[in-house]
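Asker: My structure file run.cif, mmCIF, C-alpha atoms, is below:
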```cif
data_protein
loop_
_atom_site.group_PDB
_atom_site.id
_atom_site.type_symbol
_atom_site.label_atom_id
_atom_site.label_comp_id
_atom_site.auth_asym_id
_atom_site.auth_seq_id
_atom_site.Cartn_x
_atom_site.Cartn_y
_atom_site.Cartn_z
ATOM 1 C CA MET A 1 62.147 164.273 78.939
ATOM 2 C CA PHE A 2 64.613 166.748 80.424
ATOM 3 C CA ASN A 3 68.142 165.454 79.866
ATOM 4 C CA LEU A 4 70.766 167.041 82.115
ATOM 5 C CA PHE A 5 73.587 165.385 80.188
ATOM 6 C CA ASN A 6 72.596 166.950 76.878
ATOM 7 C CA LYS A 7 74.735 170.071 76.583
ATOM 8 C CA ASN A 8 72.663 171.217 73.596
ATOM 9 C CA THR A 9 69.463 171.492 75.627
ATOM 10 C CA PRO A 10 68.817 175.236 76.124
ATOM 11 C CA GLU A 11 65.347 175.059 77.627
ATOM 12 C CA LYS A 12 64.632 175.296 81.334
ATOM 13 C CA PRO A 13 62.336 172.744 82.968
ATOM 14 C CA GLN A 14 58.808 174.104 82.745
ATOM 15 C CA ASP A 15 56.851 172.090 85.308
ATOM 16 C CA VAL A 16 57.119 170.760 88.856
ATOM 17 C CA LYS A 17 58.083 167.227 87.876
ATOM 18 C CA ALA A 18 60.850 168.382 85.524
ATOM 19 C CA ILE A 19 62.258 170.808 88.112
ATOM 20 C CA ARG A 20 62.289 168.072 90.766
ATOM 21 C CA GLU A 21 63.968 165.628 88.380
ATOM 22 C CA ALA A 22 66.641 168.188 87.464
ATOM 23 C CA LEU A 23 67.387 168.907 91.138
ATOM 24 C CA ILE A 24 67.556 165.221 92.057
ATOM 25 C CA VAL A 25 69.837 164.360 89.105
ATOM 26 C CA PHE A 26 72.134 167.277 89.957
ATOM 27 C CA ILE A 27 72.346 166.355 93.662
ATOM 28 C CA LYS A 28 72.948 162.735 92.678
ATOM 29 C CA GLN A 29 75.902 163.803 90.519
ATOM 30 C CA GLU A 30 77.382 165.914 93.310
ATOM 31 C CA LEU A 31 76.941 163.121 95.857
ATOM 32 C CA GLN A 32 78.610 160.605 93.540
ATOM 33 C CA LYS A 33 81.821 162.575 93.951
ATOM 34 C CA MET A 34 81.811 161.320 97.545
ATOM 35 C CA GLU A 35 81.055 157.702 96.654
ATOM 36 C CA GLY A 36 82.506 155.125 99.003
ATOM 37 C CA GLY A 37 82.184 156.850 102.390
ATOM 38 C CA GLU A 38 83.626 160.252 101.463
ATOM 39 C CA GLY A 39 80.607 162.100 102.880
ATOM 40 C CA LYS A 40 81.350 161.594 106.556
ATOM 41 C CA HIS A 41 82.872 165.085 106.899
ATOM 42 C CA ILE A 42 79.829 166.815 105.405
ATOM 43 C CA LYS A 43 77.762 168.760 107.929
ATOM 44 C CA GLY A 44 74.941 169.466 105.535
ATOM 45 C CA PHE A 45 73.705 171.080 102.341
ATOM 46 C CA GLN A 46 72.041 174.360 101.469
ATOM 47 C CA LEU A 47 69.871 174.330 98.360
ATOM 48 C CA TYR A 48 69.294 177.903 97.159
ATOM 49 C CA LEU A 49 66.308 178.604 94.908
ATOM 50 C CA ALA A 50 66.532 181.964 93.122
ATOM 51 C CA CYS A 51 63.527 181.624 90.830
ATOM 52 C CA ARG A 52 61.216 184.396 89.707
ATOM 53 C CA PRO A 53 58.326 185.144 92.099
ATOM 54 C CA GLU A 54 55.766 183.757 89.661
ATOM 55 C CA GLU A 55 57.659 180.454 89.545
ATOM 56 C CA ARG A 56 58.065 180.049 93.281
ATOM 57 C CA TYR A 57 55.025 177.810 93.667
ATOM 58 C CA MET A 58 56.563 175.285 91.233
ATOM 59 C CA TYR A 59 59.888 175.230 93.081
ATOM 60 C CA GLU A 60 58.129 174.897 96.435
ATOM 61 C CA SER A 61 56.193 171.898 95.130
ATOM 62 C CA ALA A 62 59.328 170.415 93.540
ATOM 63 C CA VAL A 63 61.138 170.250 96.909
ATOM 64 C CA PHE A 64 58.036 169.265 98.923
ATOM 65 C CA MET A 65 58.252 172.510 100.912
ATOM 66 C CA GLU A 66 55.107 171.680 102.921
ATOM 67 C CA GLU A 67 56.260 168.148 103.811
ATOM 68 C CA GLU A 68 59.013 168.209 106.403
ATOM 69 C CA ASP A 69 62.083 166.098 105.573
ATOM 70 C CA ARG A 70 60.551 164.528 102.448
ATOM 71 C CA PHE A 71 63.122 166.034 100.068
ATOM 72 C CA LYS A 72 65.888 165.350 102.589
ATOM 73 C CA ASN A 73 64.822 161.705 102.660
ATOM 74 C CA GLU A 74 65.142 161.606 98.857
ATOM 75 C CA VAL A 75 68.735 162.846 99.188
ATOM 76 C CA GLN A 76 69.431 160.323 101.948
ATOM 77 C CA ARG A 77 68.273 157.480 99.692
ATOM 78 C CA ILE A 78 70.723 158.613 97.021
ATOM 79 C CA ALA A 79 73.516 158.746 99.612
ATOM 80 C CA ASP A 80 72.651 155.241 100.779
ATOM 81 C CA ASP A 81 72.672 153.911 97.197
ATOM 82 C CA PHE A 82 76.253 155.097 96.722
ATOM 83 C CA ALA A 83 77.496 154.256 100.244
ATOM 84 C CA ILE A 84 78.369 157.902 100.817
ATOM 85 C CA ASP A 85 78.134 157.612 104.611
ATOM 86 C CA LEU A 86 76.682 160.993 105.538
ATOM 87 C CA PRO A 87 76.857 161.672 109.294
ATOM 88 C CA GLU A 88 73.792 160.874 111.385
ATOM 89 C CA HIS A 89 72.734 164.489 111.951
ATOM 90 C CA TRP A 90 73.421 166.084 108.575
ATOM 91 C CA SER A 91 71.130 168.930 107.532
ATOM 92 C CA LEU A 92 69.405 170.110 104.367
ATOM 93 C CA GLU A 93 68.259 173.728 104.169
ATOM 94 C CA LEU A 94 65.899 174.837 101.406
ATOM 95 C CA LEU A 95 66.392 178.571 100.952
ATOM 96 C CA PHE A 96 64.689 181.006 98.584
ATOM 97 C CA ALA A 97 66.943 183.909 97.598
ATOM 98 C CA GLU A 98 66.986 186.815 95.171
ATOM 99 C CA GLU A 99 70.302 185.614 93.742
ATOM 100 C CA LEU A 100 72.587 182.634 94.212
ATOM 101 C CA PRO A 101 75.614 182.946 96.544
ATOM 102 C CA ALA A 102 78.954 183.234 94.752
ATOM 103 C CA ASN A 103 80.156 179.952 96.287
ATOM 104 C CA ALA A 104 77.088 177.947 95.254
ATOM 105 C CA ILE A 105 77.425 175.152 92.695
ATOM 106 C CA LYS A 106 75.012 176.173 89.944
ATOM 107 C CA VAL A 107 72.341 173.707 88.864
ATOM 108 C CA PRO A 108 72.353 173.615 85.042
ATOM 109 C CA GLN A 109 69.274 175.153 83.405
ATOM 110 C CA LEU A 110 67.718 176.045 86.775
ATOM 111 C CA ASP A 111 67.657 179.087 89.041
ATOM 112 C CA ALA A 112 69.152 177.014 91.833
ATOM 113 C CA GLY A 113 72.500 176.315 93.449
ATOM 114 C CA LEU A 114 73.977 174.045 96.112
ATOM 115 C CA THR A 115 76.510 174.740 98.851
ATOM 116 C CA ILE A 116 78.097 171.994 100.932
ATOM 117 C CA LYS A 117 78.813 172.716 104.570
ATOM 118 C CA THR A 118 82.013 171.245 106.009
ATOM 119 C CA PRO A 119 83.611 171.662 109.452
ATOM 120 C CA GLU A 120 85.108 175.121 109.839
ATOM 121 C CA HIS A 121 88.497 173.774 110.886
ATOM 122 C CA VAL A 122 89.128 171.937 107.611
ATOM 123 C CA PRO A 123 91.643 174.101 105.676
ATOM 124 C CA VAL A 124 91.060 174.752 101.985
ATOM 125 C CA GLN A 125 94.221 175.809 100.173
ATOM 126 C CA LYS A 126 93.901 177.692 96.893
ATOM 127 C CA SER A 127 96.502 178.923 94.452
ATOM 128 C CA ASP A 128 96.654 179.718 90.737
ATOM 129 C CA LYS A 129 99.745 177.541 90.401
ATOM 130 C CA ALA A 130 100.149 173.875 91.307
ATOM 131 C CA TYR A 131 102.234 170.822 90.452
ATOM 132 C CA ILE A 132 101.671 167.252 89.341
ATOM 133 C CA ARG A 133 104.330 164.809 90.509
ATOM 134 C CA VAL A 134 104.587 161.306 89.006
ATOM 135 C CA LEU A 135 104.813 158.811 91.869
ATOM 136 C CA ASN A 136 104.290 155.575 89.948
ATOM 137 C CA GLY A 137 104.560 154.938 86.221
ATOM 138 C CA GLU A 138 106.885 156.592 83.721
ATOM 139 C CA ALA A 139 105.922 159.892 82.112
ATOM 140 C CA GLU A 140 108.055 162.172 79.952
ATOM 141 C CA GLN A 141 108.758 164.310 83.040
ATOM 142 C CA ALA A 142 108.774 163.623 86.759
ATOM 143 C CA LEU A 143 107.172 166.981 87.619
ATOM 144 C CA TYR A 144 104.651 169.171 85.772
ATOM 145 C CA GLU A 145 103.561 172.717 86.555
ATOM 146 C CA LEU A 146 99.917 173.788 86.301
ATOM 147 C CA LYS A 147 98.889 177.420 85.851
ATOM 148 C CA ALA A 148 95.504 179.101 85.994
ATOM 149 C CA GLY A 149 94.060 180.034 82.647
ATOM 150 C CA PRO A 150 92.014 178.799 79.703
ATOM 151 C CA GLY A 151 92.623 175.469 78.068
ATOM 152 C CA ARG A 152 93.243 172.071 79.553
ATOM 153 C CA VAL A 153 96.121 169.822 80.534
ATOM 154 C CA ASN A 154 95.564 166.463 78.850
ATOM 155 C CA ILE A 155 96.775 163.233 80.453
ATOM 156 C CA GLY A 156 97.218 160.000 78.527
ATOM 157 C CA ARG A 157 99.417 157.446 76.838
ATOM 158 C CA GLU A 158 101.738 158.829 74.144
ATOM 159 C CA ARG A 159 102.248 162.507 73.304
ATOM 160 C CA GLN A 160 99.982 162.326 70.238
ATOM 161 C CA ALA A 161 96.729 160.386 70.421
ATOM 162 C CA GLN A 162 93.826 159.870 68.033
ATOM 163 C CA ASP A 163 90.253 159.776 69.297
ATOM 164 C CA GLY A 164 87.409 157.572 68.111
ATOM 165 C CA GLU A 165 86.314 160.192 65.576
ATOM 166 C CA GLY A 166 89.765 160.494 64.035
ATOM 167 C CA PHE A 167 90.813 163.804 65.598
ATOM 168 C CA MET A 168 94.274 164.212 67.070
ATOM 169 C CA ARG A 169 94.902 165.223 70.652
ATOM 170 C CA GLU A 170 98.149 166.185 72.353
ATOM 171 C CA ASN A 171 98.778 164.874 75.843
ATOM 172 C CA ASP A 172 100.631 167.365 78.033
ATOM 173 C CA ILE A 173 101.309 164.712 80.678
ATOM 174 C CA ALA A 174 102.286 161.792 78.457
ATOM 175 C CA PHE A 175 103.159 158.202 79.381
ATOM 176 C CA PRO A 176 105.191 156.590 76.539
ATOM 177 C CA SER A 177 103.958 153.249 75.205
ATOM 178 C CA ASP A 178 107.492 151.944 74.740
ATOM 179 C CA SER A 179 108.291 152.308 78.437
ATOM 180 C CA THR A 180 109.222 149.143 80.295
ATOM 181 C CA ASN A 181 107.155 150.379 83.258
ATOM 182 C CA ALA A 182 104.127 148.079 83.519
ATOM 183 C CA CYS A 183 101.899 150.898 84.832
ATOM 184 C CA ASN A 184 101.920 152.658 81.459
ATOM 185 C CA LYS A 185 100.049 149.966 79.548
ATOM 186 C CA TYR A 186 96.866 150.524 81.604
ATOM 187 C CA ILE A 187 96.725 154.241 80.759
ATOM 188 C CA SER A 188 94.378 155.196 77.925
ATOM 189 C CA ARG A 189 95.399 157.539 75.138
ATOM 190 C CA GLN A 190 92.586 159.842 76.258
ATOM 191 C CA HIS A 191 92.544 159.178 79.976
ATOM 192 C CA ALA A 192 91.893 162.453 81.813
ATOM 193 C CA HIS A 193 92.482 166.186 81.827
ATOM 194 C CA ILE A 194 92.817 169.074 84.282
ATOM 195 C CA GLU A 195 91.117 172.463 83.915
ATOM 196 C CA TRP A 196 91.228 175.710 85.902
ATOM 197 C CA ASN A 197 87.827 176.858 87.201
ATOM 198 C CA ASN A 198 87.513 180.642 87.521
ATOM 199 C CA GLU A 199 84.359 180.450 89.655
ATOM 200 C CA THR A 200 85.949 178.352 92.394
ATOM 201 C CA ASP A 201 89.597 179.382 91.849
ATOM 202 C CA SER A 202 90.639 175.759 91.762
ATOM 203 C CA PHE A 203 91.971 173.020 89.495
ATOM 204 C CA LEU A 204 89.462 170.355 88.460
ATOM 205 C CA LEU A 205 90.254 166.829 87.297
ATOM 206 C CA PHE A 206 87.980 165.267 84.663
ATOM 207 C CA ALA A 207 87.958 161.719 83.352
ATOM 208 C CA ASP A 208 87.942 161.471 79.559
ATOM 209 C CA ASP A 209 86.359 158.756 77.417
ATOM 210 C CA GLY A 210 89.229 156.333 78.023
ATOM 211 C CA GLY A 211 89.190 156.887 81.776
ATOM 212 C CA VAL A 212 85.610 155.901 82.644
ATOM 213 C CA PRO A 213 84.058 152.434 82.906
ATOM 214 C CA PRO A 214 84.008 150.035 81.175
ATOM 215 C CA ARG A 215 87.461 151.187 80.072
ATOM 216 C CA ASN A 216 90.268 152.229 82.387
ATOM 217 C CA LYS A 217 89.792 154.070 85.652
ATOM 218 C CA VAL A 218 90.372 157.408 87.328
ATOM 219 C CA LYS A 219 90.363 157.450 91.127
ATOM 220 C CA ILE A 220 91.386 160.099 93.653
ATOM 221 C CA ARG A 221 92.407 159.566 97.262
ATOM 222 C CA SER A 222 92.710 162.618 99.507
ATOM 223 C CA LEU A 223 94.990 163.002 102.513
ATOM 224 C CA GLY A 224 93.637 161.265 105.593
ATOM 225 C CA GLU A 225 90.972 159.389 103.629
ATOM 226 C CA HIS A 226 90.853 155.658 103.024
ATOM 227 C CA ASN A 227 88.187 155.275 100.346
ATOM 228 C CA PRO A 228 88.945 156.781 96.934
ATOM 229 C CA VAL A 229 86.588 158.912 94.846
ATOM 230 C CA LYS A 230 85.831 157.283 91.487
ATOM 231 C CA LEU A 231 85.134 159.401 88.419
ATOM 232 C CA THR A 232 82.370 157.666 86.494
ATOM 233 C CA PHE A 233 81.194 160.505 84.227
ATOM 234 C CA THR A 234 83.190 162.697 81.863
ATOM 235 C CA GLU A 235 80.977 165.703 82.727
ATOM 236 C CA LEU A 236 81.821 165.746 86.443
ATOM 237 C CA GLY A 237 85.040 167.345 87.672
ATOM 238 C CA HIS A 238 86.806 166.719 90.977
ATOM 239 C CA HIS A 239 88.236 169.714 92.866
ATOM 240 C CA LEU A 240 91.884 168.858 93.470
ATOM 241 C CA GLN A 241 93.280 169.500 96.943
ATOM 242 C CA GLU A 242 96.761 169.467 98.447
ATOM 243 C CA GLY A 243 98.166 165.941 98.532
ATOM 244 C CA ASP A 244 95.498 164.308 96.371
ATOM 245 C CA GLN A 245 96.755 161.131 94.727
ATOM 246 C CA ILE A 246 95.332 160.400 91.273
ATOM 247 C CA ILE A 247 95.292 156.763 90.217
ATOM 248 C CA LEU A 248 95.196 156.136 86.463
ATOM 249 C CA GLY A 249 94.311 152.678 85.211
ATOM 250 C CA GLU A 250 95.572 149.999 87.567
ATOM 251 C CA SER A 251 98.619 151.483 89.264
ATOM 252 C CA ALA A 252 99.984 154.709 87.746
ATOM 253 C CA VAL A 253 99.875 157.402 90.439
ATOM 254 C CA LEU A 254 100.097 161.197 90.211
ATOM 255 C CA GLU A 255 100.236 163.561 93.174
ATOM 256 C CA PHE A 256 98.681 167.040 93.155
ATOM 257 C CA SER A 257 100.408 169.684 95.265
ATOM 258 C CA PHE A 258 100.734 173.447 95.597
ATOM 259 C CA ARG A 259 104.391 172.903 96.592
ATOM 260 C CA LYS A 260 107.098 172.410 94.006
ATOM 261 C CA GLU A 261 109.480 170.760 96.444
ATOM 262 C CA GLU A 262 108.785 167.269 97.726
ATOM 263 C CA LYS A 263 107.476 167.146 101.275
#
```
As structure tokens, please, write out the structure in this file.
Answerer:
Amino acid sequence: MFNLFNKNTPEKPQDVKAIREALIVFIKQELQKMEGGEGKHIKGFQLYLACRPEERYMYESAVFMEEEDRFKNEVQRIADDFAIDLPEHWSLELLFAEELPANAIKVPQLDAGLTIKTPEHVPVQKSDKAYIRVLNGEAEQALYELKAGPGRVNIGRERQAQDGEGFMRENDIAFPSDSTNACNKYISRQHAHIEWNNETDSFLLFADDGGVPPRNKVKIRSLGEHNPVKLTFTELGHHLQEGDQIILGESAVLEFSFRKEEK
């Protein structure tokens, strides 16, 4: 069985059923980032298929190309399962292309990519420098600077932490255990980390082993939104935007911003 979560799986899906399963699992993962009503601003999706000509018949069958709206209905069922609240007239375009657009989210192990259409008036701010401000809880610093580049910025309890396999990890944004602030005790030693993504020119937040259920939590609430996004897989990153509030555990709160000064 094709396992999208197995990073050691080099082989591409070789039949219609496996291709369809890979596409559905990938779309499910992307939709889960909008769990809890976060999909209401989505206008639609474009699924690009850049397969070789001799493979086109398999991809066409995988997305039910000859059956109008059947694949879209599959996506709608996933959205309903996670209460994503897509608008009534959202669209799904299935497009064959010679190559994937630069802004498409690549489907692992497949010649396919997904773009998400949002209203044109929604601003997307990008910068290779950003800041994390501690709003609730007690970290070693009140403000941290993020810069584009390789590596990751680890977030967790204590500066030095040991994982389940005995290896040591250093937390760049560290919440001391001996703090009297009650928020700190709900932060895991390996709670989350932030990485720079060269393809999207953005900072991504990932939950680590201690920050996904059944352990502690990682949630993100964006400006103007009521329902938070919950990170439930360590493999899925959340694109951080201006003003995003990151909730760690029960009540520790970080704010992501491209501005160093408080607003």
Asker: Please enumerate the residues selected by the PyMOL selection byres ((chain A and resi 199) around 8) when evaluated against the supplied file, formatted as a list in words.
Answerer: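 Checked against the file, the PyMOL selection byres ((chain A and resi 199) around 8) matches Ala102, Asn103, Asn197, Asn198, Thr200 and Asp201 of chain A.
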Asker: Restricting the calculation to only C-alpha atoms: of A:Leu248, A:Ala182, A:Ile105, A:Gly156, which residue gets closest to Glu170 of chain A?
Answerer: A:Gly156
Asker: Could you spell out the hits of the PyMOL selection byres ((chain A and resi 42) around 8) on the shown file, as a list of chain:residue names?
Answerer: A:Gly39, A:Lys40, A:His41, A:Lys43, A:Gly44, A:Leu86, A:Pro87, A:Trp90, A:Ile116, A:Lys117, A:Thr118, A:Pro119
Asker: Restricting the calculation to only C-alpha atoms, which member of A:Phe26, A:Phe258, A:Phe167, A:Phe203 is positioned closest to Leu240 of chain A?
Answerer: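 So, comparing all the options, the nearest one is A:Phe203.
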Asker: Which residues of segment 102-211 of chain A have any atom within 12 Å of an atom in segment 49-71 of chain A when counting only C-alpha atoms, and what is the closest pair of atoms for each, with the distance in Å to one decimal? Order the rows by chain and rising number and write it as a tab-separated table.
Answerer:
```
residue	atom	partner	partner_atom	distance
A:Ala104	CA	A:Leu49	CA	10.8
A:Ile105	CA	A:Leu49	CA	11.8
A:Lys106	CA	A:Leu49	CA	10.3
A:Val107	CA	A:Leu49	CA	9.8
A:Gln109	CA	A:Cys51	CA	11.4
A:Leu110	CA	A:Cys51	CA	8.1
A:Asp111	CA	A:Ala50	CA	5.1
A:Ala112	CA	A:Leu49	CA	4.5
A:Gly113	CA	A:Leu49	CA	6.8
A:Leu114	CA	A:Leu49	CA	9.0
A:Thr115	CA	A:Leu49	CA	11.6
```
Asker: Pull the neighbourhood of (101.7, 165.0, 76.5) for me: all residues within 9 Å in file coordinates, counting all atoms listed in the file, as a PDB file with C-alpha atoms, in the coordinates of the input.
Answerer:
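The result, written out as selection01.pdb:
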```pdb
ATOM      1  CA  ALA A 139     105.922 159.892  82.112  1.00  0.00           C
ATOM      2  CA  GLU A 140     108.055 162.172  79.952  1.00  0.00           C
ATOM      3  CA  VAL A 153      96.121 169.822  80.534  1.00  0.00           C
ATOM      4  CA  ASN A 154      95.564 166.463  78.850  1.00  0.00           C
ATOM      5  CA  ILE A 155      96.775 163.233  80.453  1.00  0.00           C
ATOM      6  CA  GLY A 156      97.218 160.000  78.527  1.00  0.00           C
ATOM      7  CA  ARG A 157      99.417 157.446  76.838  1.00  0.00           C
ATOM      8  CA  GLU A 158     101.738 158.829  74.144  1.00  0.00           C
ATOM      9  CA  ARG A 159     102.248 162.507  73.304  1.00  0.00           C
ATOM     10  CA  GLN A 160      99.982 162.326  70.238  1.00  0.00           C
ATOM     11  CA  ARG A 169      94.902 165.223  70.652  1.00  0.00           C
ATOM     12  CA  GLU A 170      98.149 166.185  72.353  1.00  0.00           C
ATOM     13  CA  ASN A 171      98.778 164.874  75.843  1.00  0.00           C
ATOM     14  CA  ASP A 172     100.631 167.365  78.033  1.00  0.00           C
ATOM     15  CA  ILE A 173     101.309 164.712  80.678  1.00  0.00           C
ATOM     16  CA  ALA A 174     102.286 161.792  78.457  1.00  0.00           C
ATOM     17  CA  PHE A 175     103.159 158.202  79.381  1.00  0.00           C
TER      18      PHE A 175
END
```
Asker: When distances are computed from only C-alpha atoms, which of A:Ala252, A:Pro108, A:His89, A:Phe96 shows the smallest separation from Ile19 of chain A?
Answerer: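 Result for the nearest residue to Ile19 of chain A: A:Pro108.
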Asker: Mind checking which residues fall within 6 Å of Gln245 of chain A, counting only C-alpha atoms, ignoring those fewer than 2 positions away in the same chain, and posting them as a ChimeraX atom specification?
Answerer: /A:220-221,254-255
Asker: Which is closest to His239 of chain A among A:Ala97, A:Leu205, A:Ala192, A:Val253, if we use all atoms listed in the file?
Answerer: A:Leu205
Asker: May I ask for the distance between atom CA of Leu143 of chain A and atom CA of Pro213 of chain A, given in Å to one decimal place?
Answerer: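 Calculated distance between atom CA of Leu143 of chain A and atom CA of Pro213 of chain A is 27.7 Å.
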Asker: Choose the residue, out of A:Pro228, A:Gly249, A:Gly243, A:Gly149, that has the smallest atom-to-atom separation from Lys185 of chain A; count only C-alpha atoms.
Answerer: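 Smallest distance to Lys185 of chain A is found for A:Gly249.
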Asker: Measuring between only C-alpha atoms, which one of A:His193, A:Thr180, A:Ser222, A:Ile24 shows the shortest distance to Gly151 of chain A?
Answerer: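 The shortest atom-to-atom distance to Gly151 of chain A comes from A:His193.
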Asker: Skip Glu261 of chain A itself and residues of its chain fewer than 4 positions away, then list as a ChimeraX atom specification all residues within 10 Å of it, counting all atoms listed in the file.
Answerer: /A:131,133,143,257
Asker: Rounded to one decimal in Å, what is the spacing between atom CA of Tyr48 of chain A and atom CA of Asp81 of chain A?
Answerer: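 Interatomic distance, atom CA of Tyr48 of chain A to atom CA of Asp81 of chain A: 24.2 Å.
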Asker: Between atom CA of Gln162 of chain A and atom CA of Thr234 of chain A, what is the distance, to one decimal in Å?
Answerer: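 Those two atoms sit 17.7 Å apart.
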Asker: Exactly which residues make up the result of the PyMOL selection byres ((chain A and resi 208) around 6) on this file, given as a list in words?
Answerer: Gln190, His191, Ala192, Ala207, Asp209, Gly210, Gly211 and Thr234 of chain A
Asker: Can segment 10-26 of chain A be brought up to N, CA and C atoms and written out as a short mmCIF file (atom, residue, chain, number, x, y, z; two decimals), keeping the file's coordinate frame?
Answerer:
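Dumped everything to result_36.cif:
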```cif
data_model
loop_
_atom_site.label_atom_id
_atom_site.label_comp_id
_atom_site.auth_asym_id
_atom_site.auth_seq_id
_atom_site.Cartn_x
_atom_site.Cartn_y
_atom_site.Cartn_z
N PRO A 10 68.81 173.89 75.58
CA PRO A 10 68.82 175.24 76.12
C PRO A 10 67.63 175.52 77.03
N GLU A 11 66.58 174.73 76.94
CA GLU A 11 65.35 175.06 77.63
C GLU A 11 65.39 174.70 79.11
N LYS A 12 64.76 175.56 79.90
CA LYS A 12 64.63 175.30 81.33
C LYS A 12 63.46 174.36 81.56
N PRO A 13 63.50 173.56 82.61
CA PRO A 13 62.34 172.74 82.97
C PRO A 13 61.13 173.64 83.22
N GLN A 14 59.98 173.23 82.72
CA GLN A 14 58.81 174.10 82.74
C GLN A 14 57.70 173.64 83.69
N ASP A 15 57.90 172.54 84.39
CA ASP A 15 56.85 172.09 85.31
C ASP A 15 57.48 171.50 86.57
N VAL A 16 56.65 171.22 87.55
CA VAL A 16 57.12 170.76 88.86
C VAL A 16 57.93 169.47 88.74
N LYS A 17 57.41 168.52 87.99
CA LYS A 17 58.08 167.23 87.88
C LYS A 17 59.47 167.38 87.24
N ALA A 18 59.57 168.20 86.21
CA ALA A 18 60.85 168.38 85.52
C ALA A 18 61.85 169.11 86.42
N ILE A 19 61.38 170.10 87.18
CA ILE A 19 62.26 170.81 88.11
C ILE A 19 62.78 169.85 89.18
N ARG A 20 61.88 169.03 89.73
CA ARG A 20 62.29 168.07 90.77
C ARG A 20 63.30 167.08 90.20
N GLU A 21 63.05 166.59 88.99
CA GLU A 21 63.97 165.63 88.38
C GLU A 21 65.35 166.26 88.17
N ALA A 22 65.37 167.51 87.70
CA ALA A 22 66.64 168.19 87.46
C ALA A 22 67.42 168.37 88.76
N LEU A 23 66.72 168.73 89.84
CA LEU A 23 67.39 168.91 91.14
C LEU A 23 67.93 167.59 91.66
N ILE A 24 67.13 166.54 91.56
CA ILE A 24 67.56 165.22 92.06
C ILE A 24 68.76 164.70 91.27
N VAL A 25 68.72 164.83 89.94
CA VAL A 25 69.84 164.36 89.10
C VAL A 25 71.11 165.13 89.45
N PHE A 26 70.97 166.45 89.62
CA PHE A 26 72.13 167.28 89.96
C PHE A 26 72.72 166.87 91.32
#
```
